[in-house]
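Structure file input.txt (compact mmCIF, C-alpha atoms (C1' of nucleotides)) follows.
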# COMPACT_ATOMS: atom_id res chain seq x y z
CA MET A 1 -2.59 -5.59 7.96
CA ASN A 2 -0.48 -3.39 5.81
CA SER A 3 -1.00 -2.57 2.21
CA PRO A 4 1.74 -0.16 1.16
CA LYS A 5 1.05 -0.30 -2.55
CA LEU A 6 -2.62 0.46 -2.31
CA LYS A 7 -1.77 3.24 0.09
CA SER A 8 0.69 4.95 -2.20
CA PHE A 9 -1.60 4.33 -5.15
CA LEU A 10 -4.38 6.21 -3.40
CA ILE A 11 -2.12 8.96 -2.11
CA SER A 12 -0.76 9.65 -5.55
CA ASN A 13 -4.24 9.81 -7.05
CA LEU A 14 -6.30 11.45 -4.34
CA ASP A 15 -5.98 14.59 -2.36
CA ILE A 16 -5.57 12.88 0.97
CA GLU A 17 -3.38 12.81 4.06
CA GLU A 18 -1.32 9.76 4.84
CA ASP A 19 -2.77 9.11 8.28
CA GLU A 20 -6.29 9.57 7.04
CA ILE A 21 -5.87 6.91 4.38
CA SER A 22 -4.11 4.67 6.89
CA SER A 23 -7.06 4.72 9.19
CA ILE A 24 -9.47 3.89 6.40
CA LEU A 25 -7.24 1.11 5.14
CA LYS A 26 -7.26 -0.51 8.57
CA SER A 27 -10.79 -1.65 7.96
CA CYS A 28 -9.72 -3.70 4.93
CA GLN A 29 -8.74 -7.27 5.26
CA VAL A 30 -5.61 -8.40 3.47
CA LYS A 31 -5.60 -11.89 2.09
CA ASN A 32 -2.54 -14.01 1.50
CA VAL A 33 -3.05 -16.82 -0.96
CA LYS A 34 -0.89 -19.59 -2.33
CA LYS A 35 -0.48 -20.21 -6.04
CA ASP A 36 -3.62 -21.81 -7.53
CA ALA A 37 -5.88 -20.74 -4.65
CA PHE A 38 -9.22 -19.18 -5.53
CA LEU A 39 -10.47 -15.78 -4.46
CA LEU A 40 -13.74 -16.27 -6.30
CA ARG A 41 -15.49 -19.21 -7.93
CA GLU A 42 -18.34 -19.49 -10.38
CA ASN A 43 -21.77 -19.16 -8.76
CA GLU A 44 -20.39 -17.45 -5.72
CA HIS A 45 -21.35 -13.91 -4.95
CA CYS A 46 -18.41 -11.57 -5.47
CA LYS A 47 -18.29 -9.23 -2.51
CA HIS A 48 -14.93 -7.57 -3.00
CA THR A 49 -12.70 -5.69 -5.30
CA PHE A 50 -9.23 -7.12 -4.99
CA PHE A 51 -6.20 -4.90 -5.18
CA VAL A 52 -3.05 -6.89 -5.79
CA GLU A 53 -0.19 -5.98 -3.46
CA ILE A 54 2.05 -8.89 -4.38
CA GLY A 55 1.71 -11.62 -6.97
CA LEU A 56 -0.57 -12.16 -9.90
CA LEU A 57 -4.26 -12.98 -10.21
CA ARG A 58 -6.30 -14.15 -13.15
CA GLN A 59 -10.01 -13.81 -13.86
CA TYR A 60 -11.53 -16.39 -16.19
CA SER A 61 -14.66 -18.22 -17.19
CA ILE A 62 -15.26 -21.84 -18.15
CA ASP A 63 -17.66 -22.52 -21.02
CA ASP A 64 -20.00 -25.47 -21.54
CA LYS A 65 -17.27 -27.39 -23.36
CA GLY A 66 -15.05 -27.00 -20.35
CA LYS A 67 -12.71 -24.49 -21.93
CA GLU A 68 -11.20 -21.64 -19.98
CA HIS A 69 -11.36 -18.07 -21.22
CA THR A 70 -9.18 -15.52 -19.54
CA ILE A 71 -10.93 -12.22 -18.92
CA SER A 72 -8.02 -10.43 -17.32
CA PHE A 73 -4.68 -10.68 -15.58
CA ALA A 74 -4.01 -8.59 -12.50
CA PRO A 75 -0.40 -8.09 -11.38
CA GLU A 76 0.79 -5.79 -8.59
CA ASN A 77 -1.06 -2.49 -8.38
CA TRP A 78 -4.06 -3.70 -10.32
CA PHE A 79 -7.66 -4.13 -9.34
CA VAL A 80 -9.73 -7.14 -10.20
CA THR A 81 -13.33 -7.97 -9.44
CA ASP A 82 -16.50 -9.16 -11.07
CA ARG A 83 -18.40 -5.90 -11.19
CA GLU A 84 -21.45 -7.65 -12.54
CA SER A 85 -21.71 -9.82 -9.49
CA ALA A 86 -20.51 -7.28 -6.95
CA TYR A 87 -22.55 -4.35 -8.17
CA PHE A 88 -25.70 -6.04 -9.39
CA ASN A 89 -25.84 -8.69 -6.69
CA GLN A 90 -25.75 -11.63 -9.01
CA SER A 91 -23.87 -14.86 -8.68
CA SER A 92 -20.66 -14.72 -10.61
CA ALA A 93 -19.87 -16.40 -13.91
CA TYR A 94 -16.16 -16.13 -13.26
CA TYR A 95 -13.25 -17.49 -11.30
CA ILE A 96 -10.48 -15.42 -9.79
CA GLN A 97 -7.39 -17.45 -9.07
CA ALA A 98 -3.82 -16.78 -7.97
CA LEU A 99 -1.18 -17.61 -10.56
CA GLU A 100 1.57 -16.98 -8.03
CA ASP A 101 1.67 -16.75 -4.26
CA SER A 102 -0.13 -13.47 -3.80
CA LYS A 103 -1.29 -10.83 -1.39
CA ALA A 104 -4.47 -8.92 -2.12
CA VAL A 105 -6.39 -6.21 -0.31
CA MET A 106 -10.06 -7.03 -0.04
CA ILE A 107 -11.99 -3.86 -0.72
CA ASP A 108 -15.67 -3.86 0.12
CA GLU A 109 -18.60 -1.54 -0.47
CA ASN A 110 -18.04 0.09 2.88
CA PHE A 111 -14.58 1.16 1.91
CA PHE A 112 -15.93 2.97 -1.12
CA LEU A 113 -18.55 4.69 0.97
CA LYS A 114 -16.01 5.90 3.49
CA LEU A 115 -13.72 7.22 0.82
CA SER A 116 -16.56 8.97 -0.97
CA GLU A 117 -17.59 10.64 2.25
CA LYS A 118 -14.21 11.78 3.39
CA ILE A 119 -12.47 12.52 0.11
CA PRO A 120 -14.49 14.49 -2.41
CA SER A 121 -11.98 13.82 -5.17
CA PHE A 122 -12.56 10.10 -4.77
CA ILE A 123 -15.78 10.27 -6.74
CA ASP A 124 -13.97 11.65 -9.75
CA PHE A 125 -11.18 9.18 -9.30
CA ASN A 126 -13.55 6.25 -9.16
CA ASN A 127 -15.21 7.61 -12.27
CA LYS A 128 -11.89 7.68 -13.98
CA LEU A 129 -11.17 4.08 -13.05
CA LEU A 130 -14.51 3.02 -14.49
CA HIS A 131 -13.89 4.91 -17.70
CA ASN A 132 -10.50 3.37 -17.98
CA HIS A 133 -11.98 -0.05 -17.55
CA ILE A 134 -14.51 0.67 -20.29
CA ARG A 135 -11.78 1.91 -22.57
CA HIS A 136 -9.83 -1.31 -22.19
CA LEU A 137 -12.85 -3.52 -22.72
CA GLN A 138 -13.90 -1.68 -25.82
CA LYS A 139 -10.45 -1.82 -27.27
CA ARG A 140 -10.38 -5.52 -26.69
CA ILE A 141 -13.75 -6.05 -28.38
CA ASN A 142 -12.57 -4.07 -31.35
CA MET A 143 -9.47 -6.24 -31.51
CA LEU A 144 -11.38 -9.49 -31.24
CA LEU A 145 -13.63 -8.32 -34.07
CA SER A 146 -10.91 -7.12 -36.38
CA SER A 147 -7.53 -8.73 -35.80
CA SER A 148 -5.91 -12.05 -36.59
CA ALA A 149 -4.32 -14.28 -33.96
CA GLU A 150 -0.88 -12.92 -34.82
CA GLU A 151 -1.95 -9.30 -34.56
CA ARG A 152 -3.63 -9.93 -31.25
CA TYR A 153 -0.52 -11.62 -29.90
CA LEU A 154 1.73 -8.76 -31.00
CA GLU A 155 -0.62 -6.31 -29.35
CA PHE A 156 -0.52 -8.32 -26.15
CA VAL A 157 3.27 -8.47 -26.19
CA GLU A 158 3.40 -4.73 -26.55
CA MET A 159 0.80 -3.94 -23.91
CA TYR A 160 1.75 -6.48 -21.29
CA PRO A 161 5.41 -7.48 -21.79
CA ASP A 162 5.80 -8.11 -18.07
CA ILE A 163 2.77 -10.37 -17.78
CA LEU A 164 3.86 -12.34 -20.83
CA LEU A 165 6.91 -13.56 -18.93
CA ARG A 166 4.98 -14.55 -15.84
CA VAL A 167 2.11 -16.64 -17.13
CA PRO A 168 2.03 -19.91 -19.06
CA GLN A 169 1.33 -19.59 -22.76
CA THR A 170 -1.83 -21.60 -22.37
CA MET A 171 -3.32 -18.71 -20.47
CA VAL A 172 -2.11 -16.07 -22.87
CA ALA A 173 -3.76 -18.13 -25.60
CA SER A 174 -7.02 -18.23 -23.66
CA TYR A 175 -6.83 -14.45 -23.30
CA LEU A 176 -6.33 -14.02 -27.04
CA GLY A 177 -9.14 -16.41 -27.90
CA ILE A 178 -6.98 -19.09 -29.54
CA THR A 179 -5.61 -22.52 -28.59
CA PRO A 180 -2.16 -23.01 -27.08
CA GLU A 181 -1.14 -24.90 -30.21
CA SER A 182 -2.07 -21.98 -32.40
CA LEU A 183 -0.18 -19.58 -30.21
CA SER A 184 2.85 -21.81 -30.48
CA ARG A 185 2.59 -21.69 -34.26
CA VAL A 186 2.16 -17.93 -34.26
CA ARG A 187 5.28 -17.57 -32.18
CA LYS A 188 7.23 -19.89 -34.42
CA GLU A 189 6.16 -17.96 -37.49
CA LEU A 190 7.13 -14.66 -35.88
CA ALA A 191 10.53 -16.05 -34.93
CA ARG A 192 11.06 -17.19 -38.51
CA LYS A 193 10.13 -13.79 -39.90
CA ASN A 194 12.45 -11.96 -37.55
CA PHE A 195 15.29 -14.33 -38.31
CA LYS A 196 14.99 -13.74 -42.03
CA LYS A 197 15.33 -9.98 -41.65
CA MET B 1 -35.72 21.92 -28.03
CA ASN B 2 -37.69 19.22 -26.36
CA SER B 3 -36.49 15.83 -25.34
CA PRO B 4 -39.37 14.03 -23.69
CA LYS B 5 -37.77 10.63 -23.57
CA LEU B 6 -34.59 11.75 -21.89
CA LYS B 7 -36.70 13.73 -19.49
CA SER B 8 -38.83 10.83 -18.39
CA PHE B 9 -35.80 8.59 -18.34
CA LEU B 10 -34.13 10.90 -15.85
CA ILE B 11 -37.26 11.48 -13.82
CA SER B 12 -37.83 7.78 -13.41
CA ASN B 13 -34.24 7.20 -12.32
CA LEU B 14 -33.43 10.25 -10.28
CA ASP B 15 -35.04 11.96 -7.38
CA ILE B 16 -35.83 15.14 -9.22
CA GLU B 17 -38.63 17.59 -9.92
CA GLU B 18 -40.00 17.95 -13.40
CA ASP B 19 -39.35 21.66 -13.75
CA GLU B 20 -35.86 21.34 -12.38
CA ILE B 21 -34.93 18.78 -15.00
CA SER B 22 -36.63 20.84 -17.65
CA SER B 23 -34.47 23.83 -16.92
CA ILE B 24 -31.29 21.77 -17.03
CA LEU B 25 -32.36 20.11 -20.25
CA LYS B 26 -32.81 23.48 -21.89
CA SER B 27 -29.07 23.84 -22.09
CA CYS B 28 -28.78 20.72 -24.24
CA GLN B 29 -28.88 20.94 -27.98
CA VAL B 30 -31.04 18.48 -29.80
CA LYS B 31 -29.80 17.29 -33.15
CA ASN B 32 -31.98 16.03 -35.98
CA VAL B 33 -30.16 13.91 -38.51
CA LYS B 34 -31.12 12.17 -41.70
CA LYS B 35 -30.38 8.49 -42.33
CA ASP B 36 -26.69 7.94 -43.02
CA ALA B 37 -25.59 11.25 -41.48
CA PHE B 38 -22.64 11.17 -39.11
CA LEU B 39 -22.61 12.38 -35.53
CA LEU B 40 -18.97 11.46 -35.11
CA ARG B 41 -16.17 10.46 -37.48
CA GLU B 42 -12.81 8.83 -36.96
CA ASN B 43 -10.11 11.23 -35.80
CA GLU B 44 -12.62 13.75 -34.56
CA HIS B 45 -12.82 14.58 -30.93
CA CYS B 46 -16.01 13.23 -29.40
CA LYS B 47 -17.48 15.97 -27.24
CA HIS B 48 -20.90 14.56 -26.50
CA THR B 49 -22.86 11.69 -25.19
CA PHE B 50 -25.83 11.17 -27.46
CA PHE B 51 -29.17 10.13 -26.07
CA VAL B 52 -31.44 8.81 -28.79
CA GLU B 53 -34.94 10.30 -28.71
CA ILE B 54 -36.05 8.97 -32.07
CA GLY B 55 -34.40 6.68 -34.57
CA LEU B 56 -31.37 4.45 -34.44
CA LEU B 57 -27.63 5.13 -34.29
CA ARG B 58 -24.68 2.86 -34.83
CA GLN B 59 -21.13 3.09 -33.54
CA TYR B 60 -18.46 1.33 -35.58
CA SER B 61 -14.81 1.25 -36.53
CA ILE B 62 -13.08 0.63 -39.84
CA ASP B 63 -9.94 -1.50 -39.82
CA ASP B 64 -6.87 -1.25 -42.07
CA LYS B 65 -8.43 -3.63 -44.59
CA GLY B 66 -11.41 -1.30 -44.87
CA LYS B 67 -13.81 -3.54 -42.98
CA GLU B 68 -16.45 -2.18 -40.67
CA HIS B 69 -16.89 -3.49 -37.13
CA THR B 70 -20.01 -2.55 -35.27
CA ILE B 71 -19.35 -1.64 -31.66
CA SER B 72 -22.95 -0.91 -30.70
CA PHE B 73 -26.45 -0.07 -31.84
CA ALA B 74 -28.38 2.64 -30.06
CA PRO B 75 -32.17 2.80 -30.52
CA GLU B 76 -34.58 5.09 -28.66
CA ASN B 77 -33.75 5.62 -24.99
CA TRP B 78 -30.15 4.55 -25.35
CA PHE B 79 -26.93 6.43 -24.87
CA VAL B 80 -24.01 6.25 -27.23
CA THR B 81 -20.64 7.94 -27.14
CA ASP B 82 -16.96 7.23 -27.43
CA ARG B 83 -15.99 7.46 -23.80
CA GLU B 84 -12.35 6.99 -24.65
CA SER B 85 -12.34 10.11 -26.76
CA ALA B 86 -14.76 12.14 -24.68
CA TYR B 87 -13.28 11.37 -21.30
CA PHE B 88 -9.60 11.05 -22.10
CA ASN B 89 -9.52 13.81 -24.69
CA GLN B 90 -8.25 11.68 -27.50
CA SER B 91 -9.26 11.66 -31.10
CA SER B 92 -11.81 8.98 -31.76
CA ALA B 93 -11.26 5.66 -33.50
CA TYR B 94 -14.97 5.35 -34.21
CA TYR B 95 -17.83 6.56 -36.30
CA ILE B 96 -21.33 7.21 -35.05
CA GLN B 97 -23.89 7.20 -37.83
CA ALA B 98 -27.67 7.34 -38.11
CA LEU B 99 -29.24 4.20 -39.54
CA GLU B 100 -32.62 5.92 -39.68
CA ASP B 101 -33.74 9.53 -39.58
CA SER B 102 -33.02 10.29 -35.95
CA LYS B 103 -33.20 12.79 -33.16
CA ALA B 104 -30.52 12.82 -30.48
CA VAL B 105 -29.90 14.92 -27.41
CA MET B 106 -26.32 16.16 -27.27
CA ILE B 107 -25.17 15.86 -23.69
CA ASP B 108 -21.93 17.60 -22.79
CA GLU B 109 -19.66 17.67 -19.79
CA ASN B 110 -21.42 20.71 -18.44
CA PHE B 111 -24.70 18.84 -18.26
CA PHE B 112 -23.12 16.17 -16.10
CA LEU B 113 -21.65 18.79 -13.81
CA LYS B 114 -24.96 20.53 -13.36
CA LEU B 115 -26.75 17.32 -12.60
CA SER B 116 -24.08 16.21 -10.13
CA GLU B 117 -24.37 19.52 -8.34
CA LYS B 118 -28.11 19.71 -8.14
CA ILE B 119 -29.07 16.10 -7.76
CA PRO B 120 -27.04 14.07 -5.29
CA SER B 121 -28.51 10.81 -6.51
CA PHE B 122 -27.14 11.50 -9.97
CA ILE B 123 -23.67 10.39 -8.95
CA ASP B 124 -24.94 6.97 -8.01
CA PHE B 125 -27.04 6.80 -11.09
CA ASN B 126 -24.11 7.65 -13.33
CA ASN B 127 -22.12 5.02 -11.53
CA LYS B 128 -24.81 2.52 -12.27
CA LEU B 129 -24.79 3.39 -15.95
CA LEU B 130 -21.05 2.89 -16.09
CA HIS B 131 -21.29 -0.44 -14.34
CA ASN B 132 -24.00 -1.51 -16.70
CA HIS B 133 -21.85 -0.57 -19.64
CA ILE B 134 -18.97 -2.60 -18.24
CA ARG B 135 -21.25 -5.55 -17.68
CA HIS B 136 -22.33 -5.54 -21.30
CA LEU B 137 -18.83 -5.18 -22.66
CA GLN B 138 -17.53 -8.00 -20.53
CA LYS B 139 -20.34 -10.27 -21.52
CA ARG B 140 -19.61 -9.57 -25.14
CA ILE B 141 -15.91 -10.32 -24.73
CA ASN B 142 -16.75 -13.58 -23.06
CA MET B 143 -19.04 -14.41 -25.96
CA LEU B 144 -16.49 -13.54 -28.61
CA LEU B 145 -13.98 -15.74 -26.83
CA SER B 146 -16.21 -18.72 -26.32
CA SER B 147 -19.11 -18.95 -28.79
CA SER B 148 -19.56 -19.99 -32.39
CA ALA B 149 -21.15 -17.75 -35.03
CA GLU B 150 -24.48 -19.50 -34.57
CA GLU B 151 -24.46 -19.15 -30.81
CA ARG B 152 -23.60 -15.48 -31.06
CA TYR B 153 -26.41 -14.90 -33.52
CA LEU B 154 -28.95 -16.65 -31.31
CA GLU B 155 -27.80 -14.60 -28.37
CA PHE B 156 -28.21 -11.44 -30.41
CA VAL B 157 -31.71 -12.42 -31.52
CA GLU B 158 -32.68 -12.98 -27.93
CA MET B 159 -31.14 -9.81 -26.56
CA TYR B 160 -32.07 -7.41 -29.33
CA PRO B 161 -35.08 -8.77 -31.22
CA ASP B 162 -36.23 -5.24 -32.02
CA ILE B 163 -32.91 -4.09 -33.43
CA LEU B 164 -32.65 -7.22 -35.55
CA LEU B 165 -35.66 -6.10 -37.54
CA ARG B 166 -34.41 -2.59 -38.07
CA VAL B 167 -30.87 -3.01 -39.34
CA PRO B 168 -29.46 -4.70 -42.44
CA GLN B 169 -27.94 -8.11 -41.88
CA THR B 170 -24.58 -6.85 -43.00
CA MET B 171 -24.42 -4.76 -39.87
CA VAL B 172 -25.60 -7.52 -37.58
CA ALA B 173 -22.83 -9.63 -39.07
CA SER B 174 -20.26 -6.93 -38.37
CA TYR B 175 -21.51 -6.80 -34.78
CA LEU B 176 -21.12 -10.55 -34.41
CA GLY B 177 -17.67 -10.58 -35.98
CA ILE B 178 -18.58 -12.62 -39.06
CA THR B 179 -19.21 -11.90 -42.74
CA PRO B 180 -22.70 -11.25 -44.16
CA GLU B 181 -22.36 -14.45 -46.19
CA SER B 182 -21.70 -16.48 -43.08
CA LEU B 183 -24.63 -14.92 -41.30
CA SER B 184 -26.85 -15.80 -44.22
CA ARG B 185 -25.73 -19.41 -44.01
CA VAL B 186 -26.20 -19.51 -40.26
CA ARG B 187 -29.76 -18.30 -40.71
CA LYS B 188 -30.42 -20.84 -43.43
CA GLU B 189 -29.13 -23.61 -41.24
CA LEU B 190 -31.28 -22.46 -38.31
CA ALA B 191 -34.34 -22.32 -40.54
CA ARG B 192 -33.66 -25.85 -41.72
CA LYS B 193 -33.31 -27.14 -38.16
CA ASN B 194 -36.53 -25.52 -37.03
CA PHE B 195 -38.40 -26.83 -40.02
CA LYS B 196 -37.34 -30.40 -39.32
CA LYS B 197 -38.69 -30.34 -35.79
C1' DC C 1 19.73 -37.80 -9.78
C1' DC C 2 15.53 -39.83 -11.00
C1' DG C 3 10.49 -39.90 -11.92
C1' DT C 4 6.52 -37.25 -12.40
C1' DC C 5 4.04 -33.19 -13.96
C1' DT C 6 3.32 -29.45 -16.50
C1' DT C 7 4.13 -26.73 -20.42
C1' DC C 8 5.57 -26.22 -25.10
C1' DT C 9 6.26 -27.81 -29.67
C1' DT C 10 5.40 -30.29 -33.85
C1' DA C 11 2.92 -32.77 -37.30
C1' DA C 12 -1.24 -34.64 -39.78
C1' DC C 13 -5.63 -33.83 -40.43
C1' DC C 14 -10.25 -31.32 -39.99
C1' DT C 15 -13.72 -27.66 -39.90
C1' DA C 16 -15.77 -23.22 -39.38
C1' DC C 17 -15.75 -19.39 -41.49
C1' DA C 18 -13.76 -16.22 -45.20
C1' DT C 19 -13.30 -15.03 -49.94
C1' DC C 20 -14.69 -14.53 -54.53
C1' DA C 21 -18.04 -14.41 -57.84
C1' DA C 22 -22.56 -14.96 -59.70
C1' DT C 23 -27.47 -14.55 -59.24
C1' DG C 24 -31.77 -13.01 -57.29
C1' DC C 25 -34.91 -9.83 -55.59
C1' DG C 26 -37.32 -6.04 -53.45
C1' DC C 27 -37.93 -1.30 -53.90
C1' DA C 28 -37.08 3.75 -55.08
C1' DG C 29 -36.87 6.96 -58.81
C1' DC C 30 -38.16 8.24 -63.24
C1' DG D 1 -43.63 -0.43 -66.05
C1' DC D 2 -38.69 -0.34 -66.62
C1' DT D 3 -34.05 0.53 -64.60
C1' DG D 4 -30.70 0.60 -61.25
C1' DC D 5 -29.13 -0.12 -56.71
C1' DG D 6 -28.53 -2.08 -52.26
C1' DC D 7 -28.89 -6.10 -49.91
C1' DA D 8 -29.44 -11.21 -49.35
C1' DT D 9 -28.49 -15.67 -51.04
C1' DT D 10 -25.88 -19.40 -52.99
C1' DG D 11 -22.03 -22.13 -54.64
C1' DA D 12 -17.08 -23.15 -55.31
C1' DT D 13 -12.93 -22.81 -53.27
C1' DG D 14 -9.37 -21.11 -49.81
C1' DT D 15 -7.38 -20.71 -45.28
C1' DA D 16 -6.73 -19.61 -40.38
C1' DG D 17 -7.03 -21.80 -36.68
C1' DG D 18 -8.96 -26.07 -34.15
C1' DT D 19 -8.33 -31.00 -32.96
C1' DT D 20 -5.84 -34.96 -31.89
C1' DA D 21 -1.94 -37.15 -30.60
C1' DA D 22 2.73 -37.62 -29.73
C1' DG D 23 7.18 -36.34 -28.15
C1' DA D 24 10.59 -32.82 -26.10
C1' DA D 25 11.90 -29.81 -22.55
C1' DG D 26 11.82 -27.70 -18.29
C1' DA D 27 10.42 -27.52 -13.33
C1' DC D 28 10.11 -29.70 -8.99
C1' DG D 29 9.71 -32.80 -5.12
C1' DG D 30 11.75 -36.64 -3.00

Please lay out the structure from this file as structure tokens.
Amino acid sequence: MNSPKLKSFLISNLDIEEDEISSILKSCQVKNVKKDAFLLRENEHCKHTFFVEIGLLRQYSIDDKGKEHTISFAPENWFVTDRESAYFNQSSAYYIQALEDSKAVMIDENFFLKLSEKIPSFIDFNNKLLHNHIRHLQKRINMLLSSSAEERYLEFVEMYPDILLRVPQTMVASYLGITPESLSRVRKELARKNFKK
Amino acid sequence: MNSPKLKSFLISNLDIEEDEISSILKSCQVKNVKKDAFLLRENEHCKHTFFVEIGLLRQYSIDDKGKEHTISFAPENWFVTDRESAYFNQSSAYYIQALEDSKAVMIDENFFLKLSEKIPSFIDFNNKLLHNHIRHLQKRINMLLSSSAEERYLEFVEMYPDILLRVPQTMVASYLGITPESLSRVRKELARKNFKK
DNA sequence: CCGTCTTCTTAACCTACATCAATGCGCAGC
DNA sequence: GCTGCGCATTGATGTAGGTTAAGAAGACGG
């Protein structure tokens, strides 16, 4: 059970000794999953926050017409969870699935408690993570309200150039709120514009 | 300087004595604003969380084409702030404006610190508020990605029937991500359907 | 190296919603 | 009781993006 990335992530953000964090981390299970495997399905109760050590996860929902809507991508060093389900004890409306063979640390409530007890700065750090999450969500809402498909795509390219190369366009489209066909057209149009310059 | 609603809100959610909360609340300024007055403008630095005692506030952005996009409405007993600006010390991309003559408690960083110090349960409570915020934002993203104008309007009617009656339709439309004209047509269509039944 | 599968592209057509412009209508101020 | 203003409605027309369907291009297992 080793989780070097989570470890260094915590060390660089918290005022904590290496062996102390190691001992806490021992209590966390690490899950290895193959591409396409699920870490969470709709209607299940989400009990963990996943920290991605290796690979790439995706969180998405499926609407009544059967269409997928990507909520987030989580590559190495990212967290992903359904806070609504985990925190408020509800069954989840989302799926979390591996887009590549992946390795994720399964963080549970207990882990948070231990950290809060032993490391005072963890509370502030956790607070910061939550605020950061809120910032991203709000930015995305603002974008969905105000930008065209092309603008949203350009924004995505700029923010997540690495992810762009690792996931199928279908999924990028479902993140942007458009169809794969539309995304293809947007890309074509952009290529044309750049060529003309 | 009295803020009875914030007081009872805190008392009912925290394990705290009435006079203790009263003394902490004394340090908070209360702001009375007329309809249309601003509590925050774009490019300003947001230094407070506003708790609405009386009235109704709205948070919105203006895009490059000059269009308004409503981020949130805040009636009595609600908080509103730009966490991105307040927490990360950036200049704000949003406006906060009174839609009615209003009274808001101006909560600053210091207030949070005092509460965290004196009331241990405040940390958990604050955590809960953040999680709740995240839950709402995520739900809204999911809706913007997956629902039609009509579905979004129906959802709004169900979730915020009170707000619906207090704000002009233009602003509801800008919350839903559609034009006022479209909202008018959606409403007409819904009226027609209900009449036929 | 072939067949199958998945993803991407392209084209023709369609629809939800936007835009533009005119009209209506309630209500505040004089 | 007028007048003007802000907001809602309506109609005509435009357009971004959706839908459907087909083929092209990689990716992969045998």

Contact check, chain C to chain B, at most 12 Å, counting all atoms listed in the file, closest pairs as a tab-separated table:
residue	atom	partner	partner_atom	distance
C:DA16	C1'	B:Ser148	CA	8.6
C:DC17	C1'	B:Ser182	CA	6.8
C:DA18	C1'	B:Thr179	CA	7.4
C:DT19	C1'	B:Glu181	CA	9.8
C:DC20	C1'	B:Glu181	CA	11.3

| field | Who sits within 12 Å of DA25 of chain D, all atoms listed in the file, same chain under 2 positions skipped, as JSON, numbers by chain | value | {"C": [6, 7, 8, 9], "D": [23, 27]}

| task | Compute the distance from (-13.4, 12.3, -33.0) to each atom, counting only C-alpha atoms (C1' of nucleotides), keep the residues with any atom at most 12 Å away, and return them as a list in words; use the coordinates of the file. | result | Phe38, Leu39, Leu40, Arg41, Glu42, Asn43, Glu44, His45, Cys46, Lys47, His48, Ser61, Thr81, Asp82, Arg83, Glu84, Ser85, Ala86, Tyr87, Phe88, Asn89, Gln90, Ser91, Ser92, Ala93, Tyr94, Tyr95 and Ile96 of chain B

Chain A residues near chain B (7 Å cut-off, only C-alpha atoms) as a PDB file with C-alpha atoms, in the coordinates of the input:
ATOM      1  CA  ASP A  63     -17.660 -22.520 -21.020  1.00  0.00           C
ATOM      2  CA  HIS A  69     -11.360 -18.070 -21.220  1.00  0.00           C
ATOM      3  CA  ARG A  83     -18.400  -5.900 -11.190  1.00  0.00           C
ATOM      4  CA  GLU A  84     -21.450  -7.650 -12.540  1.00  0.00           C
ATOM      5  CA  LEU A 130     -14.510   3.020 -14.490  1.00  0.00           C
ATOM      6  CA  HIS A 131     -13.890   4.910 -17.700  1.00  0.00           C
ATOM      7  CA  ILE A 134     -14.510   0.670 -20.290  1.00  0.00           C
ATOM      8  CA  ARG A 135     -11.780   1.910 -22.570  1.00  0.00           C
ATOM      9  CA  LEU A 137     -12.850  -3.520 -22.720  1.00  0.00           C
ATOM     10  CA  GLN A 138     -13.900  -1.680 -25.820  1.00  0.00           C
ATOM     11  CA  ILE A 141     -13.750  -6.050 -28.380  1.00  0.00           C
ATOM     12  CA  LEU A 145     -13.630  -8.320 -34.070  1.00  0.00           C
ATOM     13  CA  SER A 146     -10.910  -7.120 -36.380  1.00  0.00           C
ATOM     14  CA  GLY A 177      -9.140 -16.410 -27.900  1.00  0.00           C
TER      15      GLY A 177
END

| request: Could you please tell me, as a ChimeraX atom specification, which residues of chain B have an atom within 12 Å of chain D when using all atoms listed in the file? | output: /B:167-171,180-188

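You will find atom CA of Asn2 of chain A at 19.4 Å from atom CA of Ala74 of chain A.
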
Using the file's own x, y and z axes, so that the box edges lie along x, y and z, what centre and edge lengths in Å (one decimal) does a box around every listed atom of segment 35-47 of chain B get when 6 Å is added on each side? Give it as JSON.
{"center_x": -20.2, "center_y": 12.0, "center_z": -35.1, "size_x": 32.3, "size_y": 20.0, "size_z": 27.8}

| So how far away is atom CA of Asp19 of chain A from atom CA of Leu113 of chain A, in Å? |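 Interatomic distance, atom CA of Leu113 of chain A to atom CA of Asp19 of chain A: 17.9 Å.
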
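Counting from atom CA of Pro75 of chain A, the distance to atom CA of Phe111 of chain A is 21.5 Å.
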
| message | Need to verify the contact set: Lys34 of chain A, 8 Å, all atoms listed in the file, exclusion of same-chain residues closer than 6 positions in sequence. Can you return it as a list in words? | response |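 These residues fall inside the cut-off: Ala98, Glu100, Asp101 and Ser102 of chain A.
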
| field | 9 Å contact set for Gln29 of chain B, all atoms listed in the file, chain neighbours under 4 positions out, as a PyMOL selection string | value | chain B and resi 1+25+104-107

| Answer as a ChimeraX atom specification, residues within 6 Å of (-31.5, 8.2, -29.1) using only C-alpha atoms (C1' of nucleotides) | /B:51-54,75-78,104
